[in-house]
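Text of query35.cif, listed as mmCIF, C-alpha atoms:
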data_work
loop_
_atom_site.group_PDB
_atom_site.id
_atom_site.type_symbol
_atom_site.label_atom_id
_atom_site.label_comp_id
_atom_site.auth_asym_id
_atom_site.auth_seq_id
_atom_site.Cartn_x
_atom_site.Cartn_y
_atom_site.Cartn_z
ATOM 1 C CA MET V 225 -128.626 -39.917 14.376
ATOM 2 C CA ARG V 226 -125.592 -42.158 14.051
ATOM 3 C CA PRO V 227 -123.027 -42.159 16.854
ATOM 4 C CA ALA V 228 -119.720 -40.499 16.034
ATOM 5 C CA ILE V 229 -116.493 -42.425 15.578
ATOM 6 C CA TYR V 230 -112.980 -41.002 15.335
ATOM 7 C CA GLY V 231 -110.496 -42.186 12.762
ATOM 8 C CA TYR V 232 -106.753 -42.572 13.162
ATOM 9 C CA MET V 233 -104.166 -43.230 10.496
ATOM 10 C CA ARG V 234 -100.442 -42.951 9.871
ATOM 11 C CA VAL V 235 -99.264 -41.737 6.476
ATOM 12 C CA VAL V 236 -95.659 -42.302 5.444
ATOM 13 C CA GLY V 237 -93.876 -40.996 2.382
ATOM 14 C CA SER V 238 -94.070 -37.462 1.142
ATOM 15 C CA ASP V 239 -94.942 -37.667 -2.574
ATOM 16 C CA ILE V 240 -98.161 -39.655 -2.361
ATOM 17 C CA GLU V 241 -99.257 -38.522 1.078
ATOM 18 C CA ASP V 242 -102.250 -36.406 0.047
ATOM 19 C CA ASP V 243 -103.699 -39.013 -2.334
ATOM 20 C CA GLU V 244 -103.089 -41.806 0.152
ATOM 21 C CA ALA V 245 -104.702 -39.838 2.977
ATOM 22 C CA ARG V 246 -107.801 -39.094 0.878
ATOM 23 C CA ARG V 247 -108.128 -42.740 -0.139
ATOM 24 C CA ILE V 248 -107.790 -43.978 3.442
ATOM 25 C CA LYS V 249 -110.260 -41.386 4.768
ATOM 26 C CA GLY V 250 -112.743 -42.573 2.148
ATOM 27 C CA GLU V 251 -112.280 -46.184 3.263
ATOM 28 C CA LEU V 252 -112.755 -45.174 6.891
ATOM 29 C CA ALA V 253 -115.917 -43.223 6.073
ATOM 30 C CA ASP V 254 -117.374 -46.150 4.091
ATOM 31 C CA TYR V 255 -116.622 -48.624 6.864
ATOM 32 C CA ALA V 256 -118.028 -46.319 9.535
ATOM 33 C CA GLN V 257 -121.270 -45.900 7.611
ATOM 34 C CA ARG V 258 -121.629 -49.679 7.068
ATOM 35 C CA GLU V 259 -121.199 -50.228 10.816
ATOM 36 C CA GLY V 260 -123.757 -47.564 11.760
ATOM 37 C CA PHE V 261 -121.402 -44.702 12.660
ATOM 38 C CA ALA V 262 -120.735 -41.209 11.360
ATOM 39 C CA LEU V 263 -117.018 -40.628 10.852
ATOM 40 C CA ASP V 264 -116.057 -37.522 12.784
ATOM 41 C CA GLN V 265 -112.510 -36.251 13.030
ATOM 42 C CA VAL V 266 -109.667 -38.269 11.477
ATOM 43 C CA PHE V 267 -106.388 -37.890 13.347
ATOM 44 C CA THR V 268 -103.508 -38.245 10.893
ATOM 45 C CA GLU V 269 -99.965 -38.995 11.971
ATOM 46 C CA ASN V 270 -97.350 -37.931 9.444
ATOM 47 C CA ILE V 271 -93.632 -37.300 9.319
ATOM 48 C CA ARG V 272 -94.015 -33.588 8.580
ATOM 49 C CA CYS V 273 -95.889 -32.762 11.778
ATOM 50 C CA SER V 274 -94.207 -32.540 15.155
ATOM 51 C CA GLU V 275 -97.458 -32.851 17.133
ATOM 52 C CA SER V 276 -98.627 -36.367 17.910
ATOM 53 C CA ALA V 277 -101.998 -37.153 16.353
ATOM 54 C CA PHE V 278 -102.274 -40.180 18.643
ATOM 55 C CA TYR V 279 -102.141 -38.081 21.805
ATOM 56 C CA ALA V 280 -104.419 -35.438 20.285
ATOM 57 C CA MET V 281 -106.937 -38.231 19.641
ATOM 58 C CA LEU V 282 -106.638 -39.480 23.237
ATOM 59 C CA GLU V 283 -107.324 -35.984 24.546
ATOM 60 C CA ALA V 284 -110.339 -35.591 22.225
ATOM 61 C CA LEU V 285 -111.719 -38.954 23.420
ATOM 62 C CA LYS V 286 -111.454 -37.756 27.008
ATOM 63 C CA ARG V 287 -113.185 -34.428 26.292
ATOM 64 C CA HIS V 288 -116.007 -35.579 24.031
ATOM 65 C CA GLU V 289 -118.617 -38.304 24.108
ATOM 66 C CA VAL V 290 -117.034 -40.272 21.247
ATOM 67 C CA LYS V 291 -116.269 -43.778 22.460
ATOM 68 C CA ASP V 292 -115.165 -45.533 19.274
ATOM 69 C CA VAL V 293 -111.972 -45.342 17.195
ATOM 70 C CA LEU V 294 -111.521 -46.681 13.681
ATOM 71 C CA VAL V 295 -108.143 -47.549 12.143
ATOM 72 C CA PRO V 296 -107.390 -48.948 8.659
ATOM 73 C CA SER V 297 -105.144 -51.640 10.208
ATOM 74 C CA LEU V 298 -103.103 -52.072 13.355
ATOM 75 C CA TRP V 299 -100.009 -51.215 11.306
ATOM 76 C CA HIS V 300 -101.154 -47.598 11.508
ATOM 77 C CA PHE V 301 -100.298 -47.723 15.226
ATOM 78 C CA ALA V 302 -96.923 -49.421 14.866
ATOM 79 C CA ARG V 303 -95.122 -52.093 12.870
ATOM 80 C CA LEU V 304 -94.339 -54.301 15.859
ATOM 81 C CA PRO V 305 -97.257 -56.451 17.074
ATOM 82 C CA GLY V 306 -96.363 -55.892 20.739
ATOM 83 C CA LEU V 307 -96.452 -52.122 20.313
ATOM 84 C CA GLN V 308 -99.719 -52.361 18.352
ATOM 85 C CA GLU V 309 -101.298 -54.209 21.268
ATOM 86 C CA ALA V 310 -99.863 -51.742 23.789
ATOM 87 C CA MET V 311 -101.363 -48.807 21.889
ATOM 88 C CA ARG V 312 -104.728 -50.588 21.658
ATOM 89 C CA GLN V 313 -104.725 -51.245 25.402
ATOM 90 C CA HIS V 314 -103.685 -47.668 26.116
ATOM 91 C CA ILE V 315 -106.685 -46.340 24.160
ATOM 92 C CA GLU V 316 -109.102 -48.717 25.845
ATOM 93 C CA GLN V 317 -107.788 -48.245 29.388
ATOM 94 C CA GLU V 318 -107.146 -44.496 29.184
ATOM 95 C CA THR V 319 -110.440 -43.525 27.522
ATOM 96 C CA GLY V 320 -112.790 -46.523 27.614
ATOM 97 C CA ALA V 321 -113.098 -46.314 23.817
ATOM 98 C CA ARG V 322 -113.646 -49.338 21.609
ATOM 99 C CA LEU V 323 -111.240 -49.960 18.724
ATOM 100 C CA TRP V 324 -112.505 -50.964 15.269
ATOM 101 C CA VAL V 325 -110.135 -52.226 12.568
ATOM 102 C CA VAL V 326 -111.084 -52.032 8.881
ATOM 103 C CA GLN V 327 -108.570 -54.655 7.764
ATOM 104 C CA GLY V 328 -109.585 -57.687 9.715
ATOM 105 C CA ARG V 329 -112.549 -58.098 11.959
ATOM 106 C CA GLN V 330 -114.263 -55.849 14.455
ATOM 107 C CA GLN V 331 -112.281 -55.509 17.675
#

Target encoding structure tokens, full file:
Amino acid sequence: MRPAIYGYMRVVGSDIEDDEARRIKGELADYAQREGFALDQVFTENIRCSESAFYAMLEALKRHEVKDVLVPSLWHFARLPGLQEAMRQHIEQETGARLWVVQGRQQ
């Protein structure tokens, strides 16, 4: 049985959101399978939801045995490189999870 991995993505724009989200989830699932994981829950940040998907993901990482997170790119955390790195460190230090990035190399 493959270990589970969570996905995280940020979707912006309202008209293409559903198509974009489906496409990105497909990319995450393909990448996870190639790396030996089973994609579990995908936490999706969007402008229409007041609840933070990022913090929901952190709580899920703390409660479950999932120790890996997959993102399409670091841009899905934030646009500023310093904030991207801060969010990466927060995940790793708060939960002990390992971050994987589709666009780029394994982290």

Might you pull out every residue within 6 Å of Leu294 of chain V, with all atoms listed in the file counted and same-chain residues fewer than 6 positions away left off, and present them as a PDB file with C-alpha atoms, in the frame of the given file?
ATOM      1  CA  GLY V 231    -110.496 -42.186  12.762  1.00  0.00           C
ATOM      2  CA  TRP V 324    -112.505 -50.964  15.269  1.00  0.00           C
ATOM      3  CA  VAL V 325    -110.135 -52.226  12.568  1.00  0.00           C
TER       4      VAL V 325
END

Determine, counting all atoms listed in the file, which protein, DNA and RNA residues have an atom within 12 Å of an atom of segment 272-279 of chain V; residues of the same chain fewer than 3 positions away are not included. Present the result as a ChimeraX atom specification.
-> /V:230-239,241,265-269,282-286,293,295,300-302,311-312,314-315,318-319

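When atom CA of Met281 of chain V is paired with atom CA of Gly320 of chain V, their separation reads 12.9 Å.
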
Atom CA of Leu263 of chain V to atom CA of Asp243 of chain V, distance in Å rounded to a single decimal |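 Interatomic distance, atom CA of Leu263 of chain V to atom CA of Asp243 of chain V: 18.8 Å.
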
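Coordinates place atom CA of Glu251 of chain V at a distance of 7.8 Å from atom CA of Pro296 of chain V.
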
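Proximity ranking of V:Leu304, V:Met225, V:Leu323, V:Ala310 relative to Asp292 of chain V places V:Leu323 first, based on all atoms listed in the file.
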
Using the chain letters and numbering of this document, enumerate as a ChimeraX atom specification the residues selected by the PyMOL selection byres ((chain V and resi 259) around 12).
-> /V:226-229,252-258,260-263,292,294,324-326,329-330
